[in-house]
$ cat data.tsv   # TSV, C-alpha atoms and all ligand atoms
chain	number	residue	atom	x	y	z
Y	1	MET	CA	12.40	143.78	141.12
Y	2	THR	CA	15.16	144.89	138.82
Y	3	ALA	CA	16.20	148.55	138.93
Y	4	THR	CA	15.67	150.98	136.09
Y	5	ARG	CA	18.95	151.53	134.27
Y	6	ILE	CA	19.62	155.26	133.95
Y	7	ASP	CA	21.23	155.60	130.54
Y	8	GLY	CA	23.86	158.33	130.91
Y	9	LYS	CA	25.18	157.73	127.43
Y	10	ALA	CA	21.81	158.46	125.83
Y	11	PHE	CA	21.13	161.40	128.16
Y	12	ALA	CA	24.57	162.86	127.39
Y	13	LEU	CA	23.74	162.74	123.70
Y	14	THR	CA	20.64	164.89	124.28
Y	15	VAL	CA	22.74	167.38	126.29
Y	16	ARG	CA	25.34	167.53	123.50
Y	17	GLU	CA	22.58	168.08	120.93
Y	18	LYS	CA	21.31	171.06	122.92
Y	19	VAL	CA	24.86	172.40	123.16
Y	20	ALA	CA	25.42	171.88	119.42
Y	21	ALA	CA	22.17	173.69	118.54
Y	22	HIS	CA	23.14	176.69	120.69
Y	23	VAL	CA	26.68	176.72	119.29
Y	24	ALA	CA	25.28	176.77	115.74
Y	25	LYS	CA	23.07	179.72	116.67
Y	26	LEU	CA	26.00	181.63	118.21
Y	27	LYS	CA	28.05	181.03	115.11
Y	28	ALA	CA	25.31	182.16	112.73
Y	29	GLU	CA	24.00	185.14	114.68
Y	30	ASP	CA	27.05	186.42	116.57
Y	31	GLY	CA	30.04	184.94	114.73
Y	32	LEU	CA	31.14	183.40	118.02
Y	33	ILE	CA	32.77	179.96	118.28
Y	34	PRO	CA	33.21	178.72	121.87
Y	35	GLY	CA	36.65	177.26	122.54
Y	36	LEU	CA	37.82	174.74	125.15
Y	37	ALA	CA	41.49	174.31	126.09
Y	38	VAL	CA	42.48	171.03	127.74
Y	39	VAL	CA	45.88	170.78	129.40
Y	40	LEU	CA	47.39	167.38	130.16
Y	41	VAL	CA	50.67	167.11	132.06
Y	42	GLY	CA	52.38	163.73	131.91
Y	43	GLU	CA	51.31	160.50	130.29
Y	44	ASP	CA	48.58	158.88	132.35
Y	45	PRO	CA	46.96	156.43	129.86
Y	46	ALA	CA	43.46	156.80	131.39
Y	47	SER	CA	43.70	160.59	131.22
Y	48	GLU	CA	44.70	160.37	127.58
Y	49	VAL	CA	41.50	158.48	126.79
Y	50	TYR	CA	39.41	161.22	128.41
Y	51	VAL	CA	41.37	163.97	126.69
Y	52	ARG	CA	40.86	162.27	123.32
Y	53	ASN	CA	37.11	161.81	123.97
Y	54	LYS	CA	36.80	165.43	125.06
Y	55	GLY	CA	38.61	166.70	121.95
Y	56	LYS	CA	36.45	164.61	119.64
Y	57	GLN	CA	33.15	165.59	121.27
Y	58	THR	CA	34.16	169.25	121.47
Y	59	ALA	CA	34.66	169.28	117.70
Y	60	GLU	CA	31.39	167.36	117.17
Y	61	VAL	CA	29.32	170.07	118.86
Y	62	GLY	CA	31.01	172.71	116.69
Y	63	MET	CA	33.38	174.18	119.27
Y	64	ASN	CA	37.11	174.76	118.94
Y	65	SER	CA	39.30	172.34	120.86
Y	66	PHE	CA	42.81	173.29	121.92
Y	67	GLU	CA	44.92	170.48	123.36
Y	68	HIS	CA	48.16	171.10	125.25
Y	69	LYS	CA	50.23	168.08	126.22
Y	70	LEU	CA	53.20	168.81	128.45
Y	71	PRO	CA	55.84	166.34	129.65
Y	72	ALA	CA	55.55	165.05	133.23
Y	73	GLU	CA	58.72	166.88	134.29
Y	74	THR	CA	57.38	170.32	133.21
Y	75	GLU	CA	58.11	173.02	135.82
Y	76	GLU	CA	55.10	174.48	137.56
Y	77	ALA	CA	56.16	177.96	136.36
Y	78	ALA	CA	55.92	176.81	132.73
Y	79	LEU	CA	52.41	175.48	133.32
Y	80	LEU	CA	51.43	178.77	134.99
Y	81	ASP	CA	52.80	180.61	131.92
Y	82	LEU	CA	50.62	178.50	129.64
Y	83	ILE	CA	47.57	179.16	131.81
Y	84	ALA	CA	48.28	182.91	131.69
Y	85	LYS	CA	48.37	182.72	127.86
Y	86	LEU	CA	45.08	180.79	127.77
Y	87	ASN	CA	43.52	183.28	130.21
Y	88	ALA	CA	44.45	186.10	127.81
Y	89	ASP	CA	43.39	184.29	124.62
Y	90	PRO	CA	39.95	185.53	123.45
Y	91	ALA	CA	39.40	182.31	121.43
Y	92	VAL	CA	39.54	180.26	124.65
Y	93	HIS	CA	36.37	180.38	126.78
Y	94	GLY	CA	36.93	177.29	128.93
Y	95	ILE	CA	40.12	175.88	130.43
Y	96	LEU	CA	40.53	172.41	131.95
Y	97	VAL	CA	43.73	171.22	133.55
Y	98	GLN	CA	43.52	167.45	133.84
Y	99	LEU	CA	43.96	166.13	137.39
Y	100	PRO	CA	45.86	164.64	139.10
Y	101	LEU	CA	48.94	166.74	138.33
Y	102	PRO	CA	52.47	165.40	138.87
Y	103	LYS	CA	53.49	165.44	142.54
Y	104	HIS	CA	56.01	168.28	142.21
Y	105	MET	CA	53.19	170.70	141.37
Y	106	ASN	CA	50.82	172.51	143.72
Y	107	ALA	CA	47.45	171.63	142.19
Y	108	ASP	CA	45.60	174.32	144.19
Y	109	ALA	CA	47.93	177.04	142.92
Y	110	VAL	CA	47.56	175.80	139.34
Y	111	ILE	CA	43.74	175.61	139.46
Y	112	ASN	CA	43.47	179.02	141.11
Y	113	ALA	CA	45.63	180.54	138.34
Y	114	ILE	CA	42.81	179.85	135.84
Y	115	ALA	CA	40.69	182.95	135.20
Y	116	PRO	CA	37.48	182.21	137.16
Y	117	GLU	CA	35.29	183.13	134.18
Y	118	LYS	CA	37.08	180.41	132.14
Y	119	ASP	CA	36.93	177.78	134.89
Y	120	ALA	CA	34.98	175.13	132.91
Y	121	ASP	CA	35.65	172.52	135.62
Y	122	GLY	CA	34.27	174.69	138.45
Y	123	PHE	CA	37.30	173.89	140.62
Y	124	HIS	CA	38.56	177.46	141.15
Y	125	ILE	CA	38.26	178.71	144.72
Y	126	SER	CA	35.87	181.43	143.56
Y	127	SER	CA	33.57	178.92	141.81
Y	128	VAL	CA	33.60	176.74	144.94
Y	129	GLY	CA	32.71	179.71	147.13
Y	130	LEU	CA	29.91	180.85	144.84
Y	131	LEU	CA	28.39	177.35	144.81
Y	132	ALA	CA	28.69	176.98	148.59
Y	133	THR	CA	26.95	180.31	149.20
Y	134	GLY	CA	24.15	179.62	146.73
Y	135	GLN	CA	25.29	182.11	144.09
Y	136	LYS	CA	25.45	181.57	140.35
Y	137	ALA	CA	28.57	179.48	139.80
Y	138	MET	CA	30.40	177.33	137.29
Y	139	VAL	CA	29.39	173.90	138.61
Y	140	PRO	CA	31.83	170.95	138.51
Y	141	CYS	CA	30.94	168.70	135.56
Y	142	THR	CA	30.66	165.29	137.24
Y	143	PRO	CA	28.31	166.41	140.04
Y	144	LEU	CA	26.34	168.50	137.53
Y	145	GLY	CA	25.87	165.43	135.33
Y	146	CYS	CA	24.75	163.38	138.34
Y	147	LEU	CA	22.27	166.07	139.36
Y	148	MET	CA	20.80	166.27	135.84
Y	149	MET	CA	20.21	162.50	135.86
Y	150	LEU	CA	18.68	162.62	139.36
Y	151	ARG	CA	16.34	165.46	138.45
Y	152	GLU	CA	15.33	163.71	135.24
Y	153	HIS	CA	14.60	160.49	137.11
Y	154	HIS	CA	13.02	161.88	140.30
Y	155	GLY	CA	11.73	165.34	139.50
Y	156	ASP	CA	11.74	167.25	142.79
Y	157	LEU	CA	14.41	165.99	145.19
Y	158	SER	CA	13.09	167.88	148.23
Y	159	GLY	CA	13.26	166.03	151.53
Y	160	LEU	CA	15.02	162.96	150.18
Y	161	ASN	CA	17.88	161.44	152.18
Y	162	ALA	CA	21.03	161.66	150.08
Y	163	VAL	CA	24.29	159.97	151.01
Y	164	VAL	CA	27.42	160.99	149.13
Y	165	LEU	CA	30.16	158.42	149.55
Y	166	GLY	CA	33.47	160.31	149.09
Y	167	ARG	CA	34.51	163.85	150.03
Y	168	SER	CA	36.89	164.93	147.27
Y	169	ASN	CA	36.92	168.51	146.03
Y	170	ILE	CA	36.12	167.38	142.49
Y	171	VAL	CA	33.17	165.06	143.16
Y	172	GLY	CA	31.98	164.43	146.74
Y	173	LYS	CA	31.91	167.95	148.18
Y	174	PRO	CA	30.34	169.74	145.18
Y	175	MET	CA	27.84	166.85	144.80
Y	176	ALA	CA	26.77	167.37	148.40
Y	177	GLN	CA	26.38	171.13	147.80
Y	178	LEU	CA	24.15	170.56	144.79
Y	179	LEU	CA	21.96	168.03	146.61
Y	180	LEU	CA	21.65	170.41	149.55
Y	181	ARG	CA	20.63	173.18	147.19
Y	182	ASP	CA	17.92	170.86	145.83
Y	183	ASN	CA	16.65	170.41	149.40
Y	184	CYS	CA	17.94	166.91	150.11
Y	185	THR	CA	19.01	165.93	153.60
Y	186	VAL	CA	22.67	165.27	152.89
Y	187	THR	CA	25.19	163.00	154.58
Y	188	ILE	CA	28.80	162.93	153.38
Y	189	ALA	CA	30.52	159.63	154.17
Y	190	HIS	CA	34.24	158.85	153.86
Y	191	SER	CA	36.99	156.51	154.99
Y	192	ARG	CA	36.50	157.37	158.68
Y	193	THR	CA	32.73	156.95	158.64
Y	194	ARG	CA	31.51	154.41	161.18
Y	195	ASP	CA	29.32	151.59	159.91
Y	196	LEU	CA	29.31	152.69	156.29
Y	197	PRO	CA	26.83	149.98	155.18
Y	198	ALA	CA	24.24	151.24	157.67
Y	199	VAL	CA	24.76	154.89	156.71
Y	200	CYS	CA	24.35	154.04	153.02
Y	201	ALA	CA	21.28	151.92	153.72
Y	202	GLY	CA	19.47	155.05	154.93
Y	203	ALA	CA	19.81	156.73	151.54
Y	204	ASP	CA	17.01	157.41	149.09
Y	205	ILE	CA	19.78	158.70	146.81
Y	206	LEU	CA	23.23	157.14	147.04
Y	207	VAL	CA	26.12	158.68	145.10
Y	208	ALA	CA	29.25	156.53	145.20
Y	209	ALA	CA	32.54	158.35	144.44
Y	210	VAL	CA	35.25	156.43	146.27
Y	211	GLY	CA	37.45	154.85	143.62
Y	212	ARG	CA	37.11	151.34	145.11
Y	213	PRO	CA	35.94	148.73	142.58
Y	214	GLU	CA	32.46	147.35	143.36
Y	215	MET	CA	32.65	148.36	147.02
Y	216	VAL	CA	28.94	149.14	147.47
Y	217	LYS	CA	27.09	145.86	148.04
Y	218	ALA	CA	23.41	145.00	147.78
Y	219	ASP	CA	22.82	145.08	151.55
Y	220	TRP	CA	24.14	148.68	151.66
Y	221	VAL	CA	21.25	149.82	149.49
Y	222	LYS	CA	17.72	150.63	150.61
Y	223	PRO	CA	15.19	148.81	148.41
Y	224	GLY	CA	14.02	151.20	145.71
Y	225	ALA	CA	16.84	153.72	146.20
Y	226	THR	CA	18.45	155.59	143.31
Y	227	VAL	CA	22.15	154.74	142.98
Y	228	ILE	CA	24.57	156.95	141.03
Y	229	ASP	CA	27.91	155.26	140.40
Y	230	VAL	CA	30.70	157.77	139.75
Y	231	GLY	CA	33.58	155.31	140.09
Y	232	ILE	CA	35.83	154.56	137.13
Y	233	ASN	CA	38.04	151.59	138.02
Y	234	ARG	CA	40.03	149.43	135.67
Y	235	ILE	CA	40.33	145.84	136.91
Y	236	PRO	CA	41.93	142.76	135.35
Y	237	ALA	CA	39.58	140.83	133.05
Y	238	PRO	CA	41.23	137.46	132.43
Y	239	GLU	CA	37.97	136.26	130.84
Y	240	LYS	CA	38.66	138.72	127.98
Y	241	GLY	CA	42.18	137.36	127.53
Y	242	GLU	CA	45.51	137.61	129.24
Y	243	GLY	CA	46.47	141.11	130.38
Y	244	LYS	CA	43.04	142.56	129.42
Y	245	MET	CA	41.25	145.03	131.68
Y	246	ARG	CA	37.63	146.07	132.11
Y	247	LEU	CA	35.92	149.10	133.58
Y	248	VAL	CA	33.80	148.81	136.73
Y	249	GLY	CA	32.25	151.36	139.06
Y	250	ASP	CA	32.29	151.71	142.83
Y	251	VAL	CA	29.02	149.74	143.00
Y	252	ASP	CA	28.57	145.99	142.67
Y	253	TYR	CA	26.16	146.51	139.78
Y	254	ALA	CA	25.05	142.90	139.27
Y	255	ALA	CA	23.93	142.59	142.90
Y	256	VAL	CA	22.68	146.15	143.51
Y	257	VAL	CA	20.54	146.19	140.36
Y	258	GLU	CA	18.29	143.63	142.11
Y	259	VAL	CA	17.65	145.95	145.09
Y	260	ALA	CA	17.80	149.54	143.85
Y	261	GLY	CA	14.97	151.39	142.16
Y	262	ALA	CA	17.30	152.97	139.61
Y	263	ILE	CA	21.01	152.78	138.92
Y	264	THR	CA	23.61	154.22	136.54
Y	265	PRO	CA	25.91	151.74	134.79
Y	266	VAL	CA	29.68	151.98	134.33
Y	267	PRO	CA	30.58	152.56	131.57
Y	268	GLY	CA	27.70	154.51	130.03
Y	269	GLY	CA	26.53	156.40	133.13
Y	270	VAL	CA	28.19	159.37	134.79
Y	271	GLY	CA	31.28	159.44	132.52
Y	272	PRO	CA	29.57	160.57	129.30
Y	273	MET	CA	27.48	163.09	131.28
Y	274	THR	CA	30.70	164.59	132.69
Y	275	ILE	CA	32.00	165.37	129.22
Y	276	ALA	CA	28.62	166.71	128.06
Y	277	CYS	CA	28.52	169.04	131.08
Y	278	LEU	CA	32.06	170.24	130.35
Y	279	LEU	CA	30.88	171.30	126.89
Y	280	ALA	CA	27.80	172.93	128.43
Y	281	ASN	CA	29.98	174.87	130.89
Y	282	THR	CA	32.26	176.04	128.07
Y	283	LEU	CA	29.25	177.25	126.09
Y	284	THR	CA	27.91	179.07	129.17
Y	285	ALA	CA	31.31	180.70	129.71
Y	286	ALA	CA	31.42	181.84	126.07
Y	287	CYS	CA	27.94	183.38	126.32
Y	288	ARG	CA	28.82	185.18	129.54
Y	289	ALA	CA	32.08	186.50	128.07
Y	290	ALA	CA	30.20	187.93	125.10
Y	291	GLY	CA	27.34	189.33	127.21
Y	292	LEU	CA	24.85	187.07	125.40
Y	293	PRO	CA	21.94	185.13	126.94
Y	294	GLU	CA	22.96	181.81	128.45
Y	295	PRO	CA	21.62	178.49	127.20
Y	296	GLU	CA	18.66	177.20	129.18
Y	297	GLY	CA	18.50	173.83	130.91
Y	298	LEU	CA	22.24	173.28	130.77
Y	299	THR	CA	23.24	174.71	134.15
Y	300	ALA	CA	22.27	173.66	137.67
Y	401	LIG	N1	32.78	159.48	135.91
Y	401	LIG	C1	33.47	160.58	136.01
Y	401	LIG	O1	33.27	161.48	135.26
Y	401	LIG	C2	34.48	160.73	137.08
Y	401	LIG	C3	34.84	159.64	137.80
Y	401	LIG	N2	35.71	159.74	138.83
Y	401	LIG	C4	35.96	158.52	139.59
Y	401	LIG	O2	35.27	158.61	140.82
Y	401	LIG	C5	36.00	157.98	141.86
Y	401	LIG	C6	36.30	158.98	142.96
Y	401	LIG	O3	37.07	160.03	142.45
Y	401	LIG	P1	37.65	161.20	143.37
Y	401	LIG	O4	36.54	161.83	144.12
Y	401	LIG	O5	38.51	162.01	142.53
Y	401	LIG	O6	38.54	160.30	144.37
Y	401	LIG	P2	39.45	160.68	145.63
Y	401	LIG	O7	40.43	159.57	145.73
Y	401	LIG	O8	39.90	162.07	145.56
Y	401	LIG	O9	38.42	160.57	146.85
Y	401	LIG	C7	37.91	159.35	147.27
Y	401	LIG	C8	37.03	159.53	148.48
Y	401	LIG	O10	36.54	158.26	148.84
Y	401	LIG	C9	36.82	158.02	150.21
Y	401	LIG	N3	37.17	156.62	150.43
Y	401	LIG	C10	38.22	155.94	149.89
Y	401	LIG	N4	38.22	154.67	150.32
Y	401	LIG	C11	37.15	154.54	151.15
Y	401	LIG	C12	36.64	153.47	151.90
Y	401	LIG	N5	37.20	152.25	151.90
Y	401	LIG	N6	35.54	153.70	152.65
Y	401	LIG	C13	34.97	154.91	152.67
Y	401	LIG	N7	35.40	155.96	151.96
Y	401	LIG	C14	36.49	155.78	151.21
Y	401	LIG	C15	37.98	158.91	150.58
Y	401	LIG	O11	37.86	159.19	151.95
Y	401	LIG	P3	38.94	160.11	152.77
Y	401	LIG	O12	38.66	161.50	152.34
Y	401	LIG	O13	38.59	159.84	154.18
Y	401	LIG	O14	40.28	159.62	152.34
Y	401	LIG	C16	37.75	160.13	149.68
Y	401	LIG	O15	36.93	161.07	150.31
Y	401	LIG	C17	37.24	157.41	141.17
Y	401	LIG	O16	36.94	156.09	140.77
Y	401	LIG	C18	37.40	158.28	139.94
Y	401	LIG	O17	38.06	157.64	138.89
Y	401	LIG	C19	36.25	160.95	139.19
Y	401	LIG	C20	35.94	162.08	138.50
Y	401	LIG	C21	35.05	162.05	137.36
Y	402	LIG	N1	40.33	168.56	135.73
Y	402	LIG	C1	39.72	167.39	135.63
Y	402	LIG	N2	38.40	167.36	135.35
Y	402	LIG	C2	37.74	166.16	135.24
Y	402	LIG	O1	36.53	166.13	134.99
Y	402	LIG	C3	38.49	164.95	135.41
Y	402	LIG	C4	39.85	165.06	135.71
Y	402	LIG	N3	40.44	166.27	135.83
Y	402	LIG	N4	40.59	163.95	135.89
Y	402	LIG	C5	40.05	162.62	135.69
Y	402	LIG	C6	38.56	162.57	135.97
Y	402	LIG	C7	37.86	161.40	135.36
Y	402	LIG	N5	36.93	161.94	134.38
Y	402	LIG	C8	36.17	161.19	133.49
Y	402	LIG	C9	35.49	161.77	132.44
Y	402	LIG	C10	34.80	160.99	131.51
Y	402	LIG	C11	34.79	159.63	131.63
Y	402	LIG	C12	34.08	158.80	130.60
Y	402	LIG	O2	33.66	159.31	129.57
Y	402	LIG	N6	33.91	157.49	130.84
Y	402	LIG	C13	33.26	156.57	129.92
Y	402	LIG	C14	34.17	155.42	129.52
Y	402	LIG	C15	35.56	155.81	129.09
Y	402	LIG	C16	36.48	154.61	128.96
Y	402	LIG	O3	36.08	153.62	128.34
Y	402	LIG	O4	37.58	154.71	129.50
Y	402	LIG	C17	32.06	155.94	130.62
Y	402	LIG	O5	32.03	155.93	131.86
Y	402	LIG	O6	31.18	155.45	129.92
Y	402	LIG	C18	35.43	159.04	132.69
Y	402	LIG	C19	36.10	159.82	133.61
Y	402	LIG	C20	37.03	163.28	134.40
Y	402	LIG	N7	37.92	163.71	135.29
$ encode --input "data.tsv" --output "structure tokens" --more "lines below"
Ligand SMILES: NC(=O)C1=CN([C@@H]2O[C@H](COP(=O)(O)OP(=O)(O)OC[C@H]3O[C@@H](n4cnc5c(N)ncnc54)[C@H](OP(=O)(O)O)[C@@H]3O)[C@@H](O)[C@H]2O)C=CC1
Ligand SMILES: Nc1nc(=O)c2c([nH]1)NC[C@@H]1CN(c3ccc(C(=O)N[C@@H](CCC(=O)O)C(=O)O)cc3)C=[N+]21
Amino acid sequence: MTATRIDGKAFALTVREKVAAHVAKLKAEDGLIPGLAVVLVGEDPASEVYVRNKGKQTAEVGMNSFEHKLPAETEEAALLDLIAKLNADPAVHGILVQLPLPKHMNADAVINAIAPEKDADGFHISSVGLLATGQKAMVPCTPLGCLMMLREHHGDLSGLNAVVLGRSNIVGKPMAQLLLRDNCTVTIAHSRTRDLPAVCAGADILVAAVGRPEMVKADWVKPGATVIDVGINRIPAPEKGEGKMRLVGDVDYAAVVEVAGAITPVPGGVGPMTIACLLANTLTAACRAAGLPEPEGLTA
């Protein structure tokens, strides 16, 4: 049986429509326009694509978008100065500093310099602590998007075995926290995990966030399982012409689609949901800052 394809692109559109409707209401009733500042240091071509997409979609939902591009050799102190200005700017409700940062910077120090109430990415130490202790938190966008798709597809997740492949601070760990909060039995696997295929094969829900093109094979997947592919990998695509690249996930889609019950594609899966959730987080931050009711159905 072929798996159901979970259409993240279509789902993200519905999330952005909800955000846009709430933004329109804020504008009309409270004269408030949520604003998102995105900071990009250096010239990573992939990051530039995301930053462009974010800017475009931010404008489309009626929010203000502020883009700051700094050269790769920028001193950390100058970046911290910019963050301090954005923290103090009442027109900015959400701040995202694109990762990874150049090696000469301390990413933890930079992220923790963002005012927690403007932490649209949910990476600040205080957001992480709130999430881990089950308190209301700004939830990281990629895991939040994955959770929304899982809830939509499954309904109640209670008691399901979830395996998160990858333990990064931006995807794996917060994903595991969210699944735990939804009463899954959670395993976090990583590069030192023994017999990865067998661990994955026990999963009712498998979230792959490793950054290894098409690593998850069909025999790693329990028949009928739900597979969420977070990976964004660019690989050579000679069939498209010399020097051309194509985007693949961390899951061998063509093979796994024959085994899984449901699967997200790459592109068109988790990626668009990530951006939609970033906009949702910015809207939530703007509502909180103004002491107004938060949008419903857009937080975890
Ligand atoms: N769609 C989206 O919106 C987003 C997509 N991504 C994509 O998701 C992927 C993961 O991103 P991110 O979490 O930042 O990546 P990191 O590189 O920070 O983390 C990768 C994780 O995978 C583990 N890992 C790496 N190789 C193996 C292996 N051979 N076997 C088992 N585990 C392995 C690492 O283990 P260890 O800790 O032991 O080293 C680590 O925990 C990337 O492709 C990235 O581009 C990321 C963010 C958003
Ligand atoms: N502070 C920070 N926050 C992030 O959320 C963050 C980050 N840094 N650094 C990089 C990763 C990666 N990431 C993606 C977002 C959207 C798509 C996306 O929209 N992907 C489209 C395709 C885009 C394309 O064609 O390149 C899709 O999957 O359909 C992908 C990847 C956010 N990240």
$ residues_near_ligand --input "data.tsv" --ligand "ligand LIG 402 (chain Y)" --cutoff "8 Å" --atoms "only C-alpha atoms and all ligand atoms" --output "PDB file with C-alpha atoms, in the coordinates of the input"
ATOM      1  CA  GLY Y   8      23.860 158.330 130.910  1.00  0.00           C
ATOM      2  CA  LYS Y   9      25.180 157.730 127.430  1.00  0.00           C
ATOM      3  CA  ALA Y  46      43.460 156.800 131.390  1.00  0.00           C
ATOM      4  CA  SER Y  47      43.700 160.590 131.220  1.00  0.00           C
ATOM      5  CA  VAL Y  49      41.500 158.480 126.790  1.00  0.00           C
ATOM      6  CA  TYR Y  50      39.410 161.220 128.410  1.00  0.00           C
ATOM      7  CA  ASN Y  53      37.110 161.810 123.970  1.00  0.00           C
ATOM      8  CA  LEU Y  96      40.530 172.410 131.950  1.00  0.00           C
ATOM      9  CA  VAL Y  97      43.730 171.220 133.550  1.00  0.00           C
ATOM     10  CA  GLN Y  98      43.520 167.450 133.840  1.00  0.00           C
ATOM     11  CA  LEU Y  99      43.960 166.130 137.390  1.00  0.00           C
ATOM     12  CA  PRO Y 100      45.860 164.640 139.100  1.00  0.00           C
ATOM     13  CA  ASP Y 121      35.650 172.520 135.620  1.00  0.00           C
ATOM     14  CA  PHE Y 123      37.300 173.890 140.620  1.00  0.00           C
ATOM     15  CA  PRO Y 140      31.830 170.950 138.510  1.00  0.00           C
ATOM     16  CA  CYS Y 141      30.940 168.700 135.560  1.00  0.00           C
ATOM     17  CA  THR Y 142      30.660 165.290 137.240  1.00  0.00           C
ATOM     18  CA  ILE Y 170      36.120 167.380 142.490  1.00  0.00           C
ATOM     19  CA  ILE Y 232      35.830 154.560 137.130  1.00  0.00           C
ATOM     20  CA  LEU Y 247      35.920 149.100 133.580  1.00  0.00           C
ATOM     21  CA  PRO Y 265      25.910 151.740 134.790  1.00  0.00           C
ATOM     22  CA  VAL Y 266      29.680 151.980 134.330  1.00  0.00           C
ATOM     23  CA  PRO Y 267      30.580 152.560 131.570  1.00  0.00           C
ATOM     24  CA  GLY Y 268      27.700 154.510 130.030  1.00  0.00           C
ATOM     25  CA  GLY Y 269      26.530 156.400 133.130  1.00  0.00           C
ATOM     26  CA  VAL Y 270      28.190 159.370 134.790  1.00  0.00           C
ATOM     27  CA  GLY Y 271      31.280 159.440 132.520  1.00  0.00           C
ATOM     28  CA  PRO Y 272      29.570 160.570 129.300  1.00  0.00           C
ATOM     29  CA  MET Y 273      27.480 163.090 131.280  1.00  0.00           C
ATOM     30  CA  THR Y 274      30.700 164.590 132.690  1.00  0.00           C
ATOM     31  CA  ILE Y 275      32.000 165.370 129.220  1.00  0.00           C
ATOM     32  CA  LEU Y 278      32.060 170.240 130.350  1.00  0.00           C
TER      33      LEU Y 278
END
$ closest_residue --input "data.tsv" --among "Y:Val216, Y:Ala285, Y:Ala262, Y:Ala209" --to "Leu36 of chain Y" --atoms "all atoms listed in the file"
Y:Ala285
$ closest_residue --input "data.tsv" --among "Y:Ala254, Y:Ala208, Y:Ala290, Y:Thr226" --to "ligand LIG 401 (chain Y)" --atoms "all atoms listed in the file"
Y:Ala208
$ closest_residue --input "data.tsv" --among "Y:Ala198, Y:Ala189, Y:Leu292, Y:Ile125" --to "Asn169 of chain Y" --atoms "all atoms listed in the file"
Y:Ile125
$ atom_distance --input "data.tsv" --atom1 "atom CA of Val186 of chain Y" --atom2 "atom CA of Ala162 of chain Y"
4.9 Å
$ closest_residue --input "data.tsv" --among "Y:Glu75, Y:Asp250, Y:Glu258, Y:Glu296" --to "ligand LIG 401 (chain Y)" --atoms "all atoms listed in the file"
Y:Asp250
$ build_atoms --input "data.tsv" --residues "segment 159-170 of chain Y" --atoms "N, CA and C atoms" --output "PDB file, in the coordinates of the input"
ATOM      1  N   GLY Y 159      13.527 166.886 150.379  1.00  0.00           N
ATOM      2  CA  GLY Y 159      13.260 166.030 151.530  1.00  0.00           C
ATOM      3  C   GLY Y 159      13.862 164.644 151.440  1.00  0.00           C
ATOM      4  N   LEU Y 160      14.446 164.302 150.295  1.00  0.00           N
ATOM      5  CA  LEU Y 160      15.020 162.960 150.180  1.00  0.00           C
ATOM      6  C   LEU Y 160      16.337 162.868 150.965  1.00  0.00           C
ATOM      7  N   ASN Y 161      16.591 161.681 151.516  1.00  0.00           N
ATOM      8  CA  ASN Y 161      17.880 161.440 152.180  1.00  0.00           C
ATOM      9  C   ASN Y 161      18.920 161.083 151.134  1.00  0.00           C
ATOM     10  N   ALA Y 162      19.959 161.927 151.049  1.00  0.00           N
ATOM     11  CA  ALA Y 162      21.030 161.660 150.080  1.00  0.00           C
ATOM     12  C   ALA Y 162      22.309 161.350 150.833  1.00  0.00           C
ATOM     13  N   VAL Y 163      22.971 160.276 150.446  1.00  0.00           N
ATOM     14  CA  VAL Y 163      24.290 159.970 151.010  1.00  0.00           C
ATOM     15  C   VAL Y 163      25.304 160.045 149.874  1.00  0.00           C
ATOM     16  N   VAL Y 164      26.325 160.886 150.091  1.00  0.00           N
ATOM     17  CA  VAL Y 164      27.420 160.990 149.130  1.00  0.00           C
ATOM     18  C   VAL Y 164      28.607 160.254 149.741  1.00  0.00           C
ATOM     19  N   LEU Y 165      29.048 159.228 149.052  1.00  0.00           N
ATOM     20  CA  LEU Y 165      30.160 158.420 149.550  1.00  0.00           C
ATOM     21  C   LEU Y 165      31.432 158.945 148.871  1.00  0.00           C
ATOM     22  N   GLY Y 166      32.276 159.646 149.645  1.00  0.00           N
ATOM     23  CA  GLY Y 166      33.470 160.310 149.090  1.00  0.00           C
ATOM     24  C   GLY Y 166      33.385 161.801 149.342  1.00  0.00           C
ATOM     25  N   ARG Y 167      34.523 162.422 149.698  1.00  0.00           N
ATOM     26  CA  ARG Y 167      34.510 163.850 150.030  1.00  0.00           C
ATOM     27  C   ARG Y 167      35.595 164.624 149.282  1.00  0.00           C
ATOM     28  N   SER Y 168      35.864 164.210 148.039  1.00  0.00           N
ATOM     29  CA  SER Y 168      36.890 164.930 147.270  1.00  0.00           C
ATOM     30  C   SER Y 168      36.355 166.291 146.829  1.00  0.00           C
ATOM     31  N   ASN Y 169      37.301 167.181 146.514  1.00  0.00           N
ATOM     32  CA  ASN Y 169      36.920 168.510 146.030  1.00  0.00           C
ATOM     33  C   ASN Y 169      36.286 168.446 144.652  1.00  0.00           C
ATOM     34  N   ILE Y 170      36.622 167.392 143.870  1.00  0.00           N
ATOM     35  CA  ILE Y 170      36.120 167.380 142.490  1.00  0.00           C
ATOM     36  C   ILE Y 170      34.779 166.656 142.347  1.00  0.00           C
TER      37      ILE Y 170
END
